Amino acid sequence: MRNAHSSPPIVQAHGLWKRFGALTVLKGVDLEVAEKQLVFIIGPSGSGKSTLLRCLNRLETPDDGAITIDGINLLSPKTDINKARQRIGMVFQSFNLYPHMTARQNVTLALRKVLGRGKEEADIAARHALDRVGLGERMDHFPAQLSGGQQQRVAIARAIALEPRVMLFDEPTSALDPELVGGVLSVMRELRESGMTMVVVSHEMAFARAAADTVIFMADGEKLEEGPPAQIFEQPQHERTRSFIRQIDRH
Amino acid sequence: MTGFENFAFSFLNMKVMAQYLPQIAQGFVLTVWLAVLIVVAGLASGLALALVRSFGIRPLNWLIIFVVDLFRALPPLVIIVLLFFGLPAAGLGLSGFAATWLSLTLVLMAFSEEIFWAGLTSVHKGQWEASRSTGLTFTQTLRHVVVPQALRITIPPLTNRTIAITKGTALGSVVGVSEILGASQSAMSFSANPSPLMLGAIAYLVLFIPVVAFGRWVESRFAWKR
């Protein structure tokens, strides 16, 4: 574990509550992520893990609680959320590439419109980001001309090109055919090696075992258990964690 | 005279056609002008209304929906007649041309707003989220991500609606606009022969077949590379 407790957490979320109508999805969840750490969130569907992640860049606004990311109070009305989001990259289950733009244009849009970079400068940054995910050769392909795994890697390039301080992954491999998962995971592993702070919601348990600093198990809108992967996977304290891991491992 | 000769004399009378060709050509030019002005103003105002509606300001949206439903419900001819005969009573006289233009523009605005709106809402929520998550504002997302996708989806229904509305320029003949149908009808009265009507029909084909072909070209031009 690197830098486990040496620096103040870059992500600090406290007492997050979120309700959708009659359904309470988050029930006072806390989350802390230290710089350069990879925090992995697991749990059955409907446990609130994706909602928690989406609160961290305010795609969902929690009903109660506090979130500070890289020193920015994310829930303050005074915070320029568009500015804050430049420092928080997000990768989605369904890739969400812009279908009317090439891979390069997908990456350069925010570079140009948000960071105000010139065309050439943005193109160089896009080339660099796409090279990093192994798709420099596919710069001028449209999303529909790329496989799912390639699309997800372009989506990762789109996020990392903005040089975020934190990357959020919302089930990045769940929509992929099994043979395409590896390519995405190896890009994520490279990001982690390079010191990116990451919060990952996923069912890729082998990846969690190998790459996570901390694994969090969520159920019914609560964080039931948190610890290093060895502890969560080998000696889970909570019965629900045990049965969840048994179920997943059987597959 | 045989039956065909009778038909040819009445409907394909070259002498009459030649005589009234200049008037119908003028009607043709007027129809083109009217149609272009309707299409430009109608589509632009329809898109503008749909964009305003996307900001979700509730009282404003109720107003937009009311106006749109009103002009989708009223027959275009009723609107033309109301504007042409009704507005002078309110002290605002419109020429037949202006009344026809305004009426059909409002109808195209209403229909195209609904089409644009359907296009905007059909863009997947994930597109908004991806764009906003990289720091683009609502307006930037609308402009660079959502509208380009919405426009591609809307091109086929918009083409159809645009053709339907521009054919409605023939309604201008009711309020004295000498567009193709109006010019053909006066020529028919003067010559006491319906051949100018055939000429008018030919003029409509000459006008609209290229428009339909253009619509097809636009549809294929804006299809995504797949």
# chains A, B, ... in the order shown; residues from 1 in each chain; ligands from 1
call {"tool": "closest_atom_pairs", "arguments": {"of": "chain A", "to": "chain B", "cutoff": "7 Å", "atoms": "only C-alpha atoms", "output": "JSON lines"}}
result
{"residue": "A:Asn82", "atom": "CA", "partner": "B:Gly135", "partner_atom": "CA", "distance": 4.3}
{"residue": "A:Lys83", "atom": "CA", "partner": "B:Gly135", "partner_atom": "CA", "distance": 6.1}
{"residue": "A:Arg85", "atom": "CA", "partner": "B:Gly135", "partner_atom": "CA", "distance": 5.0}
{"residue": "A:Gln86", "atom": "CA", "partner": "B:Gly135", "partner_atom": "CA", "distance": 5.2}
{"residue": "A:Gly89", "atom": "CA", "partner": "B:Thr134", "partner_atom": "CA", "distance": 6.7}
{"residue": "A:Met90", "atom": "CA", "partner": "B:Ser133", "partner_atom": "CA", "distance": 6.4}
{"residue": "A:Asn96", "atom": "CA", "partner": "B:Gln127", "partner_atom": "CA", "distance": 5.5}
{"residue": "A:Tyr98", "atom": "CA", "partner": "B:Val145", "partner_atom": "CA", "distance": 6.7}
{"residue": "A:His100", "atom": "CA", "partner": "B:Trp224", "partner_atom": "CA", "distance": 6.5}
{"residue": "A:Ala110", "atom": "CA", "partner": "B:Thr134", "partner_atom": "CA", "distance": 6.2}
{"residue": "A:Val114", "atom": "CA", "partner": "B:Leu136", "partner_atom": "CA", "distance": 5.9}
{"residue": "A:Ala144", "atom": "CA", "partner": "B:Arg226", "partner_atom": "CA", "distance": 5.5}
{"residue": "A:Gln145", "atom": "CA", "partner": "B:Arg226", "partner_atom": "CA", "distance": 6.3}
{"residue": "A:Ala159", "atom": "CA", "partner": "B:Thr134", "partner_atom": "CA", "distance": 6.8}
call {"tool": "residues_around", "arguments": {"residues": "Ala219 (chain A)", "least_positions_apart": "2", "cutoff": "7 Å", "atoms": "only C-alpha atoms", "output": "list of chain:residue names"}}
result
A:Gly43, A:Pro44, A:Ser47, A:Phe217, A:Gly221, A:Glu222, A:Lys223, A:Leu224
call {"tool": "write_last_selection", "arguments": {"atoms": "N, CA and C atoms", "output": "PDB file, in the first residue's frame"}}
result
ATOM      1  N   GLY A  43     -20.507  -4.685  -4.214  1.00  0.00           N
ATOM      2  CA  GLY A  43     -21.795  -4.832  -3.544  1.00  0.00           C
ATOM      3  C   GLY A  43     -22.850  -5.274  -4.531  1.00  0.00           C
ATOM      4  N   PRO A  44     -23.945  -5.845  -4.019  1.00  0.00           N
ATOM      5  CA  PRO A  44     -25.015  -6.285  -4.919  1.00  0.00           C
ATOM      6  C   PRO A  44     -25.662  -5.097  -5.632  1.00  0.00           C
ATOM      7  N   SER A  47     -27.240  -1.533  -4.283  1.00  0.00           N
ATOM      8  CA  SER A  47     -26.639  -1.247  -2.980  1.00  0.00           C
ATOM      9  C   SER A  47     -26.275   0.225  -2.834  1.00  0.00           C
ATOM     10  N   PHE A 217     -17.306  -2.803   0.854  1.00  0.00           N
ATOM     11  CA  PHE A 217     -18.504  -3.573   0.514  1.00  0.00           C
ATOM     12  C   PHE A 217     -19.729  -2.783   0.943  1.00  0.00           C
ATOM     13  N   GLY A 221     -27.512   0.675   0.654  1.00  0.00           N
ATOM     14  CA  GLY A 221     -27.226   2.086   0.892  1.00  0.00           C
ATOM     15  C   GLY A 221     -26.264   2.336   2.046  1.00  0.00           C
ATOM     16  N   GLU A 222     -25.651   1.271   2.560  1.00  0.00           N
ATOM     17  CA  GLU A 222     -24.711   1.470   3.663  1.00  0.00           C
ATOM     18  C   GLU A 222     -23.383   0.804   3.357  1.00  0.00           C
ATOM     19  N   LYS A 223     -22.335   1.375   3.961  1.00  0.00           N
ATOM     20  CA  LYS A 223     -21.020   0.752   3.842  1.00  0.00           C
ATOM     21  C   LYS A 223     -20.905  -0.266   4.970  1.00  0.00           C
ATOM     22  N   LEU A 224     -20.903  -1.540   4.612  1.00  0.00           N
ATOM     23  CA  LEU A 224     -20.903  -2.557   5.658  1.00  0.00           C
ATOM     24  C   LEU A 224     -19.493  -2.905   6.094  1.00  0.00           C
TER      25      LEU A 224
END
call {"tool": "residues_around", "arguments": {"residues": "region 50-54 of chain A", "least_positions_apart": "5", "cutoff": "7 Å", "atoms": "only C-alpha atoms", "output": "PyMOL selection string"}}
result
chain A and resi 59-60+168+170+201
call {"tool": "write_last_selection", "arguments": {"atoms": "C-alpha atoms", "output": "PDB file, in the first residue's frame"}}
result
ATOM      1  CA  LEU A  59     -24.048  13.975 -11.424  1.00  0.00           C
ATOM      2  CA  GLU A  60     -26.303  13.223  -8.463  1.00  0.00           C
ATOM      3  CA  LEU A 168     -14.166   7.592 -11.149  1.00  0.00           C
ATOM      4  CA  ASP A 170     -18.659   3.219 -12.932  1.00  0.00           C
ATOM      5  CA  VAL A 201     -17.223   0.424  -8.886  1.00  0.00           C
TER       6      VAL A 201
END
call {"tool": "closest_residue", "arguments": {"among": "B:Thr169, B:Ser95, B:Ser122, B:Asn193", "to": "Ser10 (chain B)", "atoms": "only C-alpha atoms"}}
result
B:Asn193
call {"tool": "residues_around", "arguments": {"residues": "Val29 (chain B)", "least_positions_apart": "6", "cutoff": "12 Å", "atoms": "only C-alpha atoms", "output": "PDB file with C-alpha atoms, in the first residue's frame"}}
result
ATOM      1  CA  PRO B  22     -45.056  33.971 -68.544  1.00  0.00           C
ATOM      2  CA  GLN B  23     -47.684  34.490 -65.817  1.00  0.00           C
ATOM      3  CA  ALA B  35     -41.424  28.698 -49.798  1.00  0.00           C
ATOM      4  CA  VAL B  36     -37.835  29.743 -49.057  1.00  0.00           C
ATOM      5  CA  SER B 178     -50.380  34.978 -57.590  1.00  0.00           C
ATOM      6  CA  GLU B 179     -48.232  31.964 -56.773  1.00  0.00           C
ATOM      7  CA  ILE B 180     -48.364  28.957 -59.100  1.00  0.00           C
ATOM      8  CA  ALA B 183     -51.571  32.387 -61.508  1.00  0.00           C
ATOM      9  CA  ALA B 203     -44.506  23.781 -62.366  1.00  0.00           C
ATOM     10  CA  TYR B 204     -45.138  22.142 -58.986  1.00  0.00           C
ATOM     11  CA  VAL B 206     -40.401  21.044 -61.447  1.00  0.00           C
ATOM     12  CA  LEU B 207     -40.242  22.757 -58.062  1.00  0.00           C
TER      13      LEU B 207
END
call {"tool": "atom_distance", "arguments": {"atom1": "CA of Gly183 (chain A)", "atom2": "CA of Ala155 (chain A)"}}
result
13.1 Å
call {"tool": "select_by_dssp", "arguments": {"residues": "region 100-175 of chain B", "states": "alpha helix (DSSP H)", "output": "number ranges by chain"}}
result
B: 100-122, 125-133, 138-141, 147-167
call {"tool": "select_by_dssp", "arguments": {"residues": "region 20-243 of chain A", "states": "strand (DSSP E)", "output": "PyMOL selection string"}}
result
chain A and resi 20+23-33+38-42+64-69+72-73+88-91+166-170+197-201+214-219+222-227
call {"tool": "closest_residue", "arguments": {"among": "A:Ala161, A:Ile156, A:Val215, A:Ala13", "to": "Leu74 (chain A)", "atoms": "only C-alpha atoms"}}
result
A:Ala13
call {"tool": "atom_distance", "arguments": {"atom1": "CA of Ala98 (chain B)", "atom2": "CA of Gly200 (chain B)"}}
result
21.9 Å
call {"tool": "residues_around", "arguments": {"residues": "region 60-70 of chain B", "least_positions_apart": "5", "cutoff": "10 Å", "atoms": "only C-alpha atoms", "output": "list in words"}}
result
Gly46, Leu49, Ala50, Val52, Arg53, Ser54, Phe55, Pro75, Leu106, Val107, Leu108, Met109, Ala110, Phe111, Ser112, Glu113 and Glu114 of chain B
call {"tool": "closest_residue", "arguments": {"among": "B:Val40, B:Ile202, B:Leu94, B:Leu181", "to": "Thr162 (chain B)", "atoms": "only C-alpha atoms"}}
result
B:Val40
call {"tool": "atom_distance", "arguments": {"atom1": "CA of Gln235 (chain A)", "atom2": "CA of Asp249 (chain A)"}}
result
14.2 Å
call {"tool": "closest_residue", "arguments": {"among": "B:Met198, B:Leu142, B:Ile57, B:Leu171", "to": "Ala99 (chain B)", "atoms": "only C-alpha atoms"}}
result
B:Leu171
call {"tool": "closest_residue", "arguments": {"among": "A:Leu111, A:Val11, A:Val39, A:Val29", "to": "Arg192 (chain A)", "atoms": "only C-alpha atoms"}}
result
A:Val39
call {"tool": "closest_residue", "arguments": {"among": "A:Ile69, A:Ile88, A:Ile248, A:Ile41", "to": "Ile10 (chain A)", "atoms": "only C-alpha atoms"}}
result
A:Ile69
